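Undergrad: Take this structure first; my questions come after.
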Amino acid sequence: MDQTVVRLTAVDLDEVVELESICFAYHWTREQFLLGLDRGIFTILGTWAAGTLVSYIAFSLIEDEMEILNLAVHPAHRKKGLATLLLTEAFKICRKQAIKKSYLDVKRSNFQAIGLYRKFGYRQTGVRLNYYPDTKEDALLFMYDFTSEIL
Ligand SMILES: CC(C)(COP(=O)(O)OP(=O)(O)OC[C@H]1O[C@@H](n2cnc3c(N)ncnc32)[C@H](O)[C@@H]1OP(=O)(O)O)[C@@H](O)C(=O)NCCC(=O)NCCS
């Protein structure tokens, strides 16, 4: 498996949407990703295996805030550290760009993702009840504070 993280562009969006549809019942469209890329707001990083995209993270960088929009690893490639690798690269970009805070929301039942985010130092800051349109599940809101890092 290739452990190289690369930046994805508009030409990779079919692969991104394909992986989204494998990993999420309710997923982003090609047009939504394209709009964010065209506006220079979204960054998408990914890893490939044998010519297929197997993981990606999409985040927005606006002023000094980063928001994780989505993060997914193909079911056949989970628990091998790929999400850790992607988030580590995303954090490097944030530090270079003097990002102060990172935000995300995650389904209350998604213990795998919650475990990952807690491992990176995210703290829960709130709850949005019945937030997700597909399952009406609550969203847990998490935040990571880059300014509190000891350099
Ligand atoms: C959440 C997800 C991205 C994790 O990807 P991954 O590559 O398997 O994660 P990693 O191998 O880097 O694991 C990192 C940490 O995540 C947590 N984790 C991941 N899978 C887990 C599992 N099956 N059970 C418990 N914790 C898990 C652990 O804290 C793990 O650290 P550890 O290995 O030291 O225990 C992956 O399960 C996925 O794509 N899920 C479906 C899409 C999704 O829910 N995305 C998040 C949207 S907010």
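Residues are named by chain letter and number: chains run A, B, ... in the order of the structure tokens, numbers start at 1 in each chain, and ligands are numbered from 1 in the order shown.
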Give me, as a PyMOL selection string, the set of residues whose atoms come within 9 Å of any atom of ligand 1, counting only C-alpha atoms and all ligand atoms.
TA: chain A and resi 20+22-24+55-57+68-75+77-87+104-107+110-120
Undergrad: Please run DSSP on the backbone and report, as a PyMOL selection string, all residues within region 1-126 of chain A that come out as alpha helix (DSSP H).
TA: chain A and resi 13-23+30-38+82-96+111-119
Undergrad: Between CA of Val6 (chain A) and CA of Glu89 (chain A), what is the distance, to one decimal in Å?
TA: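 CA of Glu89 (chain A) lies at a distance of 9.5 Å from CA of Val6 (chain A).
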Undergrad: Might you pull out every residue within 6 Å of Ile44 (chain A), with only C-alpha atoms counted and same-chain residues fewer than 5 positions away left off, and present them as a list in words?
TA: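 Once the nearby chain positions are removed, what remains is Arg7, Leu8, Ile57 and Ala58 of chain A.
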Undergrad: From the options A:Ser60, A:Thr147, A:Thr9, A:Thr125, which residue's atoms come nearest to Lys101 (chain A), counting only C-alpha atoms?
TA: A:Thr147
Undergrad: Mind checking DSSP for chain A and telling me the strand (DSSP E or B) residues as a PDB file with N, CA, C and O atoms, in the first residue's frame?
TA:
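And here's states-v8.pdb as it stands now:
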```
ATOM      1  N   VAL A   6      -1.107  12.678  -1.091  1.00  0.00           N
ATOM      2  CA  VAL A   6      -1.024  13.662  -2.173  1.00  0.00           C
ATOM      3  C   VAL A   6      -2.220  14.603  -2.123  1.00  0.00           C
ATOM      4  O   VAL A   6      -3.271  14.259  -1.589  1.00  0.00           O
ATOM      5  N   ARG A   7      -2.009  15.789  -2.695  1.00  0.00           N
ATOM      6  CA  ARG A   7      -3.092  16.760  -2.770  1.00  0.00           C
ATOM      7  C   ARG A   7      -3.975  16.417  -3.974  1.00  0.00           C
ATOM      8  O   ARG A   7      -3.456  16.174  -5.058  1.00  0.00           O
ATOM      9  N   LEU A   8      -5.261  16.343  -3.775  1.00  0.00           N
ATOM     10  CA  LEU A   8      -6.178  15.998  -4.863  1.00  0.00           C
ATOM     11  C   LEU A   8      -6.729  17.266  -5.494  1.00  0.00           C
ATOM     12  O   LEU A   8      -6.862  18.300  -4.827  1.00  0.00           O
ATOM     13  N   PHE A  42     -11.288  24.838  -0.275  1.00  0.00           N
ATOM     14  CA  PHE A  42     -11.114  23.446   0.155  1.00  0.00           C
ATOM     15  C   PHE A  42      -9.710  22.945  -0.162  1.00  0.00           C
ATOM     16  O   PHE A  42      -9.135  23.267  -1.203  1.00  0.00           O
ATOM     17  N   THR A  43      -9.220  22.111   0.732  1.00  0.00           N
ATOM     18  CA  THR A  43      -8.024  21.315   0.469  1.00  0.00           C
ATOM     19  C   THR A  43      -8.443  19.860   0.596  1.00  0.00           C
ATOM     20  O   THR A  43      -9.151  19.501   1.543  1.00  0.00           O
ATOM     21  N   ILE A  44      -8.058  19.039  -0.383  1.00  0.00           N
ATOM     22  CA  ILE A  44      -8.372  17.609  -0.302  1.00  0.00           C
ATOM     23  C   ILE A  44      -7.070  16.834  -0.446  1.00  0.00           C
ATOM     24  O   ILE A  44      -6.306  17.050  -1.388  1.00  0.00           O
ATOM     25  N   LEU A  45      -6.816  15.973   0.521  1.00  0.00           N
ATOM     26  CA  LEU A  45      -5.622  15.125   0.491  1.00  0.00           C
ATOM     27  C   LEU A  45      -6.078  13.671   0.404  1.00  0.00           C
ATOM     28  O   LEU A  45      -7.156  13.332   0.920  1.00  0.00           O
ATOM     29  N   GLY A  46      -5.257  12.836  -0.221  1.00  0.00           N
ATOM     30  CA  GLY A  46      -5.662  11.438  -0.324  1.00  0.00           C
ATOM     31  C   GLY A  46      -4.487  10.496  -0.449  1.00  0.00           C
ATOM     32  O   GLY A  46      -3.332  10.930  -0.584  1.00  0.00           O
ATOM     33  N   THR A  47      -4.787   9.211  -0.376  1.00  0.00           N
ATOM     34  CA  THR A  47      -3.773   8.178  -0.650  1.00  0.00           C
ATOM     35  C   THR A  47      -4.370   7.175  -1.643  1.00  0.00           C
ATOM     36  O   THR A  47      -5.577   6.938  -1.645  1.00  0.00           O
ATOM     37  N   TRP A  48      -3.507   6.603  -2.454  1.00  0.00           N
ATOM     38  CA  TRP A  48      -3.921   5.690  -3.523  1.00  0.00           C
ATOM     39  C   TRP A  48      -3.329   4.309  -3.289  1.00  0.00           C
ATOM     40  O   TRP A  48      -2.244   4.179  -2.697  1.00  0.00           O
ATOM     41  N   ALA A  49      -4.039   3.295  -3.782  1.00  0.00           N
ATOM     42  CA  ALA A  49      -3.493   1.921  -3.787  1.00  0.00           C
ATOM     43  C   ALA A  49      -3.873   1.307  -5.125  1.00  0.00           C
ATOM     44  O   ALA A  49      -5.062   1.244  -5.455  1.00  0.00           O
ATOM     45  N   THR A  52      -6.294   3.229  -7.270  1.00  0.00           N
ATOM     46  CA  THR A  52      -7.607   3.553  -6.710  1.00  0.00           C
ATOM     47  C   THR A  52      -7.430   4.421  -5.473  1.00  0.00           C
ATOM     48  O   THR A  52      -6.549   4.135  -4.637  1.00  0.00           O
ATOM     49  N   LEU A  53      -8.274   5.443  -5.361  1.00  0.00           N
ATOM     50  CA  LEU A  53      -8.224   6.284  -4.161  1.00  0.00           C
ATOM     51  C   LEU A  53      -8.776   5.483  -2.986  1.00  0.00           C
ATOM     52  O   LEU A  53      -9.897   4.972  -3.054  1.00  0.00           O
ATOM     53  N   VAL A  54      -8.003   5.360  -1.923  1.00  0.00           N
ATOM     54  CA  VAL A  54      -8.471   4.549  -0.785  1.00  0.00           C
ATOM     55  C   VAL A  54      -8.714   5.372   0.477  1.00  0.00           C
ATOM     56  O   VAL A  54      -9.287   4.862   1.446  1.00  0.00           O
ATOM     57  N   SER A  55      -8.274   6.624   0.484  1.00  0.00           N
ATOM     58  CA  SER A  55      -8.572   7.464   1.647  1.00  0.00           C
ATOM     59  C   SER A  55      -8.482   8.920   1.239  1.00  0.00           C
ATOM     60  O   SER A  55      -7.763   9.268   0.300  1.00  0.00           O
ATOM     61  N   TYR A  56      -9.242   9.737   1.920  1.00  0.00           N
ATOM     62  CA  TYR A  56      -9.133  11.173   1.663  1.00  0.00           C
ATOM     63  C   TYR A  56      -9.624  11.959   2.865  1.00  0.00           C
ATOM     64  O   TYR A  56     -10.390  11.456   3.699  1.00  0.00           O
ATOM     65  N   ILE A  57      -9.133  13.175   2.946  1.00  0.00           N
ATOM     66  CA  ILE A  57      -9.646  14.134   3.927  1.00  0.00           C
ATOM     67  C   ILE A  57      -9.912  15.425   3.165  1.00  0.00           C
ATOM     68  O   ILE A  57      -9.111  15.837   2.319  1.00  0.00           O
ATOM     69  N   ALA A  58     -11.070  16.025   3.418  1.00  0.00           N
ATOM     70  CA  ALA A  58     -11.396  17.318   2.810  1.00  0.00           C
ATOM     71  C   ALA A  58     -11.602  18.314   3.945  1.00  0.00           C
ATOM     72  O   ALA A  58     -12.318  18.018   4.916  1.00  0.00           O
ATOM     73  N   PHE A  59     -10.936  19.453   3.837  1.00  0.00           N
ATOM     74  CA  PHE A  59     -11.112  20.481   4.871  1.00  0.00           C
ATOM     75  C   PHE A  59     -11.098  21.858   4.249  1.00  0.00           C
ATOM     76  O   PHE A  59     -10.574  22.069   3.154  1.00  0.00           O
ATOM     77  N   SER A  60     -11.718  22.789   4.967  1.00  0.00           N
ATOM     78  CA  SER A  60     -11.704  24.171   4.490  1.00  0.00           C
ATOM     79  C   SER A  60     -10.745  24.973   5.358  1.00  0.00           C
ATOM     80  O   SER A  60     -10.573  24.687   6.555  1.00  0.00           O
ATOM     81  N   LEU A  61     -10.112  25.968   4.735  1.00  0.00           N
ATOM     82  CA  LEU A  61      -9.245  26.899   5.458  1.00  0.00           C
ATOM     83  C   LEU A  61      -9.784  28.288   5.179  1.00  0.00           C
ATOM     84  O   LEU A  61      -9.735  28.756   4.031  1.00  0.00           O
ATOM     85  N   ILE A  62     -10.365  28.887   6.181  1.00  0.00           N
ATOM     86  CA  ILE A  62     -10.909  30.237   6.010  1.00  0.00           C
ATOM     87  C   ILE A  62     -10.374  31.111   7.139  1.00  0.00           C
ATOM     88  O   ILE A  62     -10.583  30.801   8.324  1.00  0.00           O
ATOM     89  N   GLU A  65      -9.175  29.652  10.579  1.00  0.00           N
ATOM     90  CA  GLU A  65      -9.911  28.469  11.036  1.00  0.00           C
ATOM     91  C   GLU A  65      -9.907  27.353   9.994  1.00  0.00           C
ATOM     92  O   GLU A  65     -10.050  27.612   8.799  1.00  0.00           O
ATOM     93  N   MET A  66      -9.778  26.147  10.488  1.00  0.00           N
ATOM     94  CA  MET A  66      -9.856  24.976   9.620  1.00  0.00           C
ATOM     95  C   MET A  66     -11.088  24.178  10.047  1.00  0.00           C
ATOM     96  O   MET A  66     -11.345  24.023  11.242  1.00  0.00           O
ATOM     97  N   GLU A  67     -11.850  23.699   9.054  1.00  0.00           N
ATOM     98  CA  GLU A  67     -12.964  22.817   9.377  1.00  0.00           C
ATOM     99  C   GLU A  67     -12.818  21.520   8.594  1.00  0.00           C
ATOM    100  O   GLU A  67     -12.631  21.554   7.365  1.00  0.00           O
ATOM    101  N   ILE A  68     -12.896  20.410   9.301  1.00  0.00           N
ATOM    102  CA  ILE A  68     -12.873  19.122   8.594  1.00  0.00           C
ATOM    103  C   ILE A  68     -14.265  18.876   8.032  1.00  0.00           C
ATOM    104  O   ILE A  68     -15.253  18.861   8.762  1.00  0.00           O
ATOM    105  N   LEU A  69     -14.326  18.716   6.709  1.00  0.00           N
ATOM    106  CA  LEU A  69     -15.606  18.521   6.033  1.00  0.00           C
ATOM    107  C   LEU A  69     -15.925  17.036   5.939  1.00  0.00           C
ATOM    108  O   LEU A  69     -17.060  16.625   6.132  1.00  0.00           O
ATOM    109  N   ASN A  70     -14.922  16.257   5.645  1.00  0.00           N
ATOM    110  CA  ASN A  70     -15.094  14.815   5.573  1.00  0.00           C
ATOM    111  C   ASN A  70     -13.747  14.115   5.595  1.00  0.00           C
ATOM    112  O   ASN A  70     -12.741  14.674   5.155  1.00  0.00           O
ATOM    113  N   LEU A  71     -13.808  12.911   6.069  1.00  0.00           N
ATOM    114  CA  LEU A  71     -12.605  12.074   6.165  1.00  0.00           C
ATOM    115  C   LEU A  71     -13.091  10.638   6.022  1.00  0.00           C
ATOM    116  O   LEU A  71     -14.026  10.238   6.724  1.00  0.00           O
ATOM    117  N   ALA A  72     -12.507   9.907   5.104  1.00  0.00           N
ATOM    118  CA  ALA A  72     -12.968   8.523   4.941  1.00  0.00           C
ATOM    119  C   ALA A  72     -11.844   7.635   4.428  1.00  0.00           C
ATOM    120  O   ALA A  72     -10.986   8.066   3.653  1.00  0.00           O
ATOM    121  N   VAL A  73     -11.893   6.403   4.877  1.00  0.00           N
ATOM    122  CA  VAL A  73     -10.935   5.382   4.445  1.00  0.00           C
ATOM    123  C   VAL A  73     -11.752   4.203   3.922  1.00  0.00           C
ATOM    124  O   VAL A  73     -12.748   3.803   4.550  1.00  0.00           O
ATOM    125  N   LYS A 101      -7.692  27.511  15.057  1.00  0.00           N
ATOM    126  CA  LYS A 101      -8.647  26.534  15.579  1.00  0.00           C
ATOM    127  C   LYS A 101      -9.091  25.585  14.467  1.00  0.00           C
ATOM    128  O   LYS A 101      -9.225  25.997  13.310  1.00  0.00           O
ATOM    129  N   SER A 102      -9.350  24.345  14.844  1.00  0.00           N
ATOM    130  CA  SER A 102      -9.930  23.388  13.897  1.00  0.00           C
ATOM    131  C   SER A 102     -11.248  22.881  14.480  1.00  0.00           C
ATOM    132  O   SER A 102     -11.330  22.594  15.681  1.00  0.00           O
ATOM    133  N   TYR A 103     -12.254  22.793  13.619  1.00  0.00           N
ATOM    134  CA  TYR A 103     -13.587  22.365  14.058  1.00  0.00           C
ATOM    135  C   TYR A 103     -14.057  21.175  13.229  1.00  0.00           C
ATOM    136  O   TYR A 103     -13.650  20.998  12.075  1.00  0.00           O
ATOM    137  N   LEU A 104     -14.955  20.401  13.797  1.00  0.00           N
ATOM    138  CA  LEU A 104     -15.603  19.324  13.044  1.00  0.00           C
ATOM    139  C   LEU A 104     -16.853  18.894  13.789  1.00  0.00           C
ATOM    140  O   LEU A 104     -17.020  19.193  14.972  1.00  0.00           O
ATOM    141  N   ASP A 105     -17.729  18.190  13.063  1.00  0.00           N
ATOM    142  CA  ASP A 105     -18.843  17.537  13.734  1.00  0.00           C
ATOM    143  C   ASP A 105     -18.837  16.059  13.356  1.00  0.00           C
ATOM    144  O   ASP A 105     -18.363  15.688  12.276  1.00  0.00           O
ATOM    145  N   VAL A 106     -19.335  15.251  14.254  1.00  0.00           N
ATOM    146  CA  VAL A 106     -19.299  13.800  14.043  1.00  0.00           C
ATOM    147  C   VAL A 106     -20.528  13.176  14.698  1.00  0.00           C
ATOM    148  O   VAL A 106     -21.002  13.663  15.732  1.00  0.00           O
ATOM    149  N   LYS A 107     -21.044  12.117  14.047  1.00  0.00           N
ATOM    150  CA  LYS A 107     -22.205  11.431  14.616  1.00  0.00           C
ATOM    151  C   LYS A 107     -21.852  10.834  15.977  1.00  0.00           C
ATOM    152  O   LYS A 107     -20.774  10.243  16.136  1.00  0.00           O
ATOM    153  N   ARG A 123     -11.269  18.308  21.522  1.00  0.00           N
ATOM    154  CA  ARG A 123     -12.127  18.267  22.707  1.00  0.00           C
ATOM    155  C   ARG A 123     -13.549  18.573  22.291  1.00  0.00           C
ATOM    156  O   ARG A 123     -13.783  19.457  21.450  1.00  0.00           O
ATOM    157  N   GLN A 124     -14.497  17.884  22.926  1.00  0.00           N
ATOM    158  CA  GLN A 124     -15.902  18.140  22.596  1.00  0.00           C
ATOM    159  C   GLN A 124     -16.331  19.494  23.148  1.00  0.00           C
ATOM    160  O   GLN A 124     -16.065  19.815  24.307  1.00  0.00           O
ATOM    161  N   THR A 125     -16.998  20.283  22.289  1.00  0.00           N
ATOM    162  CA  THR A 125     -17.424  21.624  22.709  1.00  0.00           C
ATOM    163  C   THR A 125     -18.942  21.791  22.713  1.00  0.00           C
ATOM    164  O   THR A 125     -19.446  22.793  23.206  1.00  0.00           O
ATOM    165  N   GLY A 126     -19.663  20.840  22.141  1.00  0.00           N
ATOM    166  CA  GLY A 126     -21.119  20.988  22.120  1.00  0.00           C
ATOM    167  C   GLY A 126     -21.796  19.837  21.407  1.00  0.00           C
ATOM    168  O   GLY A 126     -21.137  18.897  20.944  1.00  0.00           O
ATOM    169  N   VAL A 127     -23.118  19.943  21.335  1.00  0.00           N
ATOM    170  CA  VAL A 127     -23.946  18.913  20.693  1.00  0.00           C
ATOM    171  C   VAL A 127     -24.999  19.611  19.853  1.00  0.00           C
ATOM    172  O   VAL A 127     -25.558  20.625  20.289  1.00  0.00           O
ATOM    173  N   ARG A 128     -25.273  19.111  18.649  1.00  0.00           N
ATOM    174  CA  ARG A 128     -26.434  19.585  17.883  1.00  0.00           C
ATOM    175  C   ARG A 128     -27.409  18.422  17.774  1.00  0.00           C
ATOM    176  O   ARG A 128     -27.089  17.414  17.143  1.00  0.00           O
ATOM    177  N   ALA A 139     -25.214  15.454  16.431  1.00  0.00           N
ATOM    178  CA  ALA A 139     -23.823  15.748  16.062  1.00  0.00           C
ATOM    179  C   ALA A 139     -23.067  16.163  17.314  1.00  0.00           C
ATOM    180  O   ALA A 139     -23.563  16.989  18.093  1.00  0.00           O
ATOM    181  N   LEU A 140     -21.894  15.595  17.494  1.00  0.00           N
ATOM    182  CA  LEU A 140     -21.001  16.085  18.544  1.00  0.00           C
ATOM    183  C   LEU A 140     -20.041  17.061  17.876  1.00  0.00           C
ATOM    184  O   LEU A 140     -19.496  16.782  16.809  1.00  0.00           O
ATOM    185  N   LEU A 141     -19.865  18.222  18.501  1.00  0.00           N
ATOM    186  CA  LEU A 141     -18.976  19.245  17.948  1.00  0.00           C
ATOM    187  C   LEU A 141     -17.630  19.158  18.663  1.00  0.00           C
ATOM    188  O   LEU A 141     -17.586  19.097  19.904  1.00  0.00           O
ATOM    189  N   PHE A 142     -16.579  19.143  17.870  1.00  0.00           N
ATOM    190  CA  PHE A 142     -15.233  19.040  18.435  1.00  0.00           C
ATOM    191  C   PHE A 142     -14.374  20.203  17.954  1.00  0.00           C
ATOM    192  O   PHE A 142     -14.587  20.743  16.862  1.00  0.00           O
ATOM    193  N   MET A 143     -13.390  20.553  18.790  1.00  0.00           N
ATOM    194  CA  MET A 143     -12.497  21.662  18.449  1.00  0.00           C
ATOM    195  C   MET A 143     -11.063  21.288  18.852  1.00  0.00           C
ATOM    196  O   MET A 143     -10.862  20.641  19.878  1.00  0.00           O
ATOM    197  N   TYR A 144     -10.125  21.703  18.013  1.00  0.00           N
ATOM    198  CA  TYR A 144      -8.714  21.585  18.383  1.00  0.00           C
ATOM    199  C   TYR A 144      -8.111  22.977  18.352  1.00  0.00           C
ATOM    200  O   TYR A 144      -8.311  23.736  17.394  1.00  0.00           O
ATOM    201  N   ASP A 145      -7.360  23.298  19.392  1.00  0.00           N
ATOM    202  CA  ASP A 145      -6.807  24.645  19.542  1.00  0.00           C
ATOM    203  C   ASP A 145      -5.293  24.618  19.259  1.00  0.00           C
ATOM    204  O   ASP A 145      -4.511  24.161  20.095  1.00  0.00           O
TER     205      ASP A 145
END
```
